[in-house]
Protein chains: 2
Amino acid sequence: MATLATIADIARHDGQTVTLHGWIYNSTPRGKLLFLQLRDGTGLMQCVLRKNKMDAEAFEAVRRAGQESSVVITGLVKADERSKIGFELVASDAQVVQDAADYPITPKDHGVAFLHDHRHLWVRSQRQFAILRIRHLCVKAIRDYFDSRGFVLFDSPMFTPNAVEGTTTLFETEYFGQKAYLTQSGQLYQESGALAFGRTYCFGPTFRAEKSSTRRHLTEFWMVEPELAWVDLEDIMDLAEDFLVEVVGYVVEHGREYLEILERDISVLEKVQKPFPRMSYDEACAKLAELGVEVEPEDDFGSPHETELTQQFDRPIMVHRYPTAVKAFYMKEDPTNPARCLGVDVLAPEGYGEVIGGGQREDSLDVLVSKIEHHGLPMEAFGWYLDLRRWGSCPHGGFGLGLERLVTWVCGIHHIRETIPFPRTIDRLTP
Amino acid sequence: MATLATIADIARHDGQTVTLHGWIYNSTPRGKLLFLQLRDGTGLMQCVLRKNKMDAEAFEAVRRAGQESSVVITGLVKADERSKIGFELVASDAQVVQDAADYPITPKDHGVAFLHDHRHLWVRSQRQFAILRIRHLCVKAIRDYFDSRGFVLFDSPMFTPNAVEGTTTLFETEYFGQKAYLTQSGQLYQESGALAFGRTYCFGPTFRAEKSSTRRHLTEFWMVEPELAWVDLEDIMDLAEDFLVEVVGYVVEHGREYLEILERDISVLEKVQKPFPRMSYDEACAKLAELGVEVEPEDDFGSPHETELTQQFDRPIMVHRYPTAVKAFYMKEDPTNPARCLGVDVLAPEGYGEVIGGGQREDSLDVLVSKIEHHGLPMEAFGWYLDLRRWGSCPHGGFGLGLERLVTWVCGIHHIRETIPFPRTIDRLTP
């Protein structure tokens with residue numbers, strides 16, 4: 001019996017007879033020859049079938065089989081300079097396992113809705129294949145980064161008991177007679193983890209019932225959230241910078257073939273190096289004024305501001321010390337100016353905008369209590385969170401990175417919905 | 001300034017003066033001496049403070065500080081044979097960052113409900129620390145296993161549009177005017193992934209609104225689900241066996257210190273080696289009859305059967321070919337006996353029971369259609385799933401492993417709720 005092989009590993013089998021399991025990606029008959037693009041999930045490879053060099057009935061069966069028919073092909077691995085992967089397969093035997101006809105996704109253009117309706121099949125296409133491979137590389141680089149630096153994985157719960165900041169963007173469910181809400185961020189729980197383990201992270205789905213339909217929003221997306229005890233805002237900026245350089249570097253190193261399928265300009269990603277420009281919110285406002293972009297005084301930035309700012313630089317930038325008034329209650333105020341808080345956003349270049357948001361947390365019990373009152377939040381919901389300031393409080397902080405925003409930027413694609421196997425948006429819950 | 005160090009890395013600093021950031025785990029004054037157990041999230045270390053060798057006020061401040069006060073301590077790392085970690089710290093300087101009083105979790109016994117109400121603090125205790133470290137090691141071993149064997153991470157969605165098998169164990173939410181349900185398994189989506197990438201896995205939260213309150217159930221738990229094209233039941237059993245041996249071996253190798261904190265009998269885990277005993281459901285029934293345990297004919301096994309069976313062996317066992325009638329519609333029937341299906345459960349020893357369930361999927365369109373009809377399920381919900389048999393169908397299968405059941409078994413503990421940072425059960429949604 002011939003050795004089982006995969007296309008990704010085909011170079012190991014140069015000159016050998018191997019068996020490949022896969023699917024017909026494309027098929028071009030030329031008389032008694034058949035040129036088959038075989039897809040096996042690890043790559044694409046040309047297989048050449050000759051009617052007079054194999055069982056004629058098997059040849060005919062493969063010749064007649066439609067796109068995405070599943071096939072088993074045995075043949076000789078032969079070096080071929082014209083091939084992208086350097087090899088082709090000279091078939092000696094072939095078998096059609098399931099003969100498929102009228103595969104709905106053809107080389108012609110399809111509408112976006114049609115493709116998303118067929119997402120379960122569309123993921124077989126080269127471009128989607130490449131994006132989802134990049135997604136996997138991003139996840140691996142992220143986890144390896146934290147695992148190798150003493151962070152303990154500390155999964156935050158999906159079900160949370162309180163809708164502390166209102167229910168408008170929360171998904172609600174009946175939980176054995178009470179209401180439960182799906183998490184929007186694991187951060188508060190990570191703070192408990194950081195005081196137990198020194199440094200922790202969670203990396204799981206988060207949910208936002210955003211009524212807006214934009215190319216940067218999903219209702220269900222994955223977020224990684226590291227949290228560290230004994231750090232200040234500078235440490236958090238250093239970490240975010242080091243982290244992004246490492247993760248993007250890993251993907252460029254291990255994902256070049258997929259970035260090439262996407263025709264991504266890799267030189268842009270290679271510029272993601274330290275140091276990232278750092279500027280305060282007030283400096284950023286001055287810069288925007290210079291560029292003729294208006295910012296409402298003391299207001300948060302929107303997409304247009306982020307786009308304008310990031311276009312001034314060839315790498316991500318870090319904007320820190322936003323107005324306290326527009327940020328969450330748990331952000332620590334800047335001791336030199338209470339109107340500013342010790343938060344930071346990391347904005348990706350090329351207009352991709354915010355990929356990381358984080359900062360130092362308020363660690364004083366008294367200040368936190370007054371912030372909760374000031375924000376009109378229900379104190380009783382925060383009993384356990386306040387406990388973290390009653391027992392063993394210390395300077396601490398962290399950040400959150402939205403996985404799909406990272407993948408969108410790294411891949412250089414337009415819409416976030418292609419970066420997750422089965423996207424969920426305001427108008428899509430299927431397949 | 002002294003070097004910053006962590007307790008886990010303290011051996012590197014033998015003879016050096018270092019600074020540790022941490023929390024007072026325990027404190028024993030003896031006249032002008034203070035023996036402090038310092039917890040820094042990476043381990044525990046004894047620090048010795050002498051009143052006449054340091055600032056007297058600083059000494060007094062630390063002496064007075066309660067359990068879980070946060071402190072910064074600088075001192076000399078000195079080898080000490082009596083120490084579990086081989087070193088103690090001879091302090092020269094100390095600072096109390098937050099002076100905590102009346103920490104609620106004391107060395108005395110507390111009730112289960114009290115501890116779970118204080119889960120955000122309880123995770124600092126040695127036993128919980130050890131269990132959650134083991135959890136992290138399990139996750140890492142699982143991901144590394146699949147990442148290094150060509151599996152592509154293919155996250156299944158959390159929101160699903162249909163309650164195909166009834167709503168009794170489903171959490172439901174309003175999704176922009178329609179109903180959505182939280183996933184109970186990512187498998188069907190993985191089948192789409194396997195036909196696109198050859199082999200995929202997902203590893204995320206799953207949700208079951210189980211009305212039962214047992215020591216083996218959580219309403220929110222993490223599951224890893226690999227799926228492979230071009231495999232049969234034998235391949236899946238080989239994979240499940242190889243996977244468990246590798247994962248348990250990794251945890252034993254890297255988590256020995258945590259298993260020792262839990263007083264786990266490591267020799268039991270070291271016996272998790274190939275081959276695992278394999279028996280068909282019918283063979284298992286015969287064995288149970290021998291042991292005097294009754295099985296309702298053609299019925300699934302319950303906990304008592306699993307416990308009895310697994311106690312006959314010193315390693316996990318695999319029971320395959322259960323009655324088709326009691327298993328899910330997508331399981332492929334055994335071609336030699338349609339009353340049996342090509343599924344397998346892996347049962348952990350010591351009465352821990354099922355940790356893995358899997359099998360070969362029905363890959364024939366016609367058979368699958370008739371199974372859906374036979375089970376009275378709504379055909380229209382399975383349009384996309386049936387497409388996977390219309391285009392490129394092939395023999396395929398996989399399995400699911402519940403992370404928390406694995407961690408419970410590896411740790412050798414009684415109740416599953418200690419294996420996740422913030423457990424969710426029928427009667428617990430907080431903190």
# chains A, B, ... in the order shown; residues from 1 in each chain; ligands from 1
>>> interface_residues(of="chain B", to="chain A", cutoff="7 Å", atoms="only C-alpha atoms", output="VMD selection string")
chain B and resid 23 40 to 42 68 to 70 97 to 98 100 103 120 123 to 124 136 152 to 157 160 to 161 171 to 173 176 192 196 to 198 204 384 390 to 394 421 to 422 426 429 to 431
>>> select_by_dssp(residues="range 132-174 of chain B", states="strand (DSSP E)", output="list in words")
Val152, Leu153, Phe159, Thr160, Glu172, Thr173 and Glu174 of chain B
>>> atom_distance(atom1="CA of Leu228 in chain B", atom2="CA of Cys202 in chain A")
27.7 Å
>>> residues_around(residues="Val248 in chain A", least_positions_apart="3", cutoff="12 Å", atoms="only C-alpha atoms", output="number ranges by chain")
A: 134-135, 137-142, 145, 241-245, 251-256, 259, 266-273, 315-316, 348, 406-407, 409-411
>>> residues_around(residues="range 328-345 of chain B", least_positions_apart="3", cutoff="6 Å", atoms="only C-alpha atoms", output="ChimeraX atom specification")
/B:318-324,356-362,371
>>> residues_around(residues="Gly292 in chain B", least_positions_apart="5", cutoff="10 Å", atoms="only C-alpha atoms", output="JSON, numbers by chain")
{"B": [286, 287, 308]}
>>> atom_distance(atom1="CA of Glu257 in chain B", atom2="CA of Leu36 in chain B")
21.2 Å
>>> closest_residue(among="B:Arg82, B:Lys108, B:Ile413, B:Asp93", to="Asp265 in chain B", atoms="only C-alpha atoms")
B:Ile413
>>> atom_distance(atom1="CA of Lys51 in chain B", atom2="CA of Ala65 in chain B")
15.0 Å
>>> select_by_dssp(residues="range 264-381 of chain A", states="alpha helix (DSSP H)", output="MDAnalysis selection string")
chainID A and resid 266:270 281:290 303:310 365:374
>>> write_last_selection(atoms="C-alpha atoms", output="compact mmCIF listing (two decimals), in the first residue's frame")
# COMPACT_ATOMS: atom_id res chain seq x y z
CA ILE A 266 3.83 42.00 4.31
CA SER A 267 6.24 44.94 4.49
CA VAL A 268 3.54 46.86 6.38
CA LEU A 269 3.43 44.14 9.03
CA GLU A 270 7.21 43.96 9.21
CA TYR A 281 -5.05 62.25 24.63
CA ASP A 282 -4.27 65.97 24.89
CA GLU A 283 -1.29 65.60 22.57
CA ALA A 284 -3.44 63.61 20.17
CA CYS A 285 -6.09 66.36 20.23
CA ALA A 286 -3.43 68.96 19.40
CA LYS A 287 -2.21 66.75 16.56
CA LEU A 288 -5.76 66.36 15.23
CA ALA A 289 -6.29 70.12 15.42
CA GLU A 290 -3.12 70.58 13.34
CA SER A 303 -13.34 56.07 14.02
CA PRO A 304 -12.59 59.22 11.94
CA HIS A 305 -10.18 60.50 14.60
CA GLU A 306 -8.47 57.15 14.92
CA THR A 307 -8.12 56.81 11.18
CA GLU A 308 -6.65 60.29 10.78
CA LEU A 309 -4.20 59.80 13.65
CA THR A 310 -2.97 56.38 12.63
CA LEU A 365 -11.45 51.12 48.15
CA ASP A 366 -12.67 54.62 49.04
CA VAL A 367 -12.09 56.09 45.62
CA LEU A 368 -13.70 53.10 43.91
CA VAL A 369 -16.79 53.33 46.13
CA SER A 370 -17.17 57.01 45.27
CA LYS A 371 -16.68 56.28 41.55
CA ILE A 372 -19.42 53.63 41.64
CA GLU A 373 -21.72 56.14 43.37
CA HIS A 374 -20.76 58.87 40.93
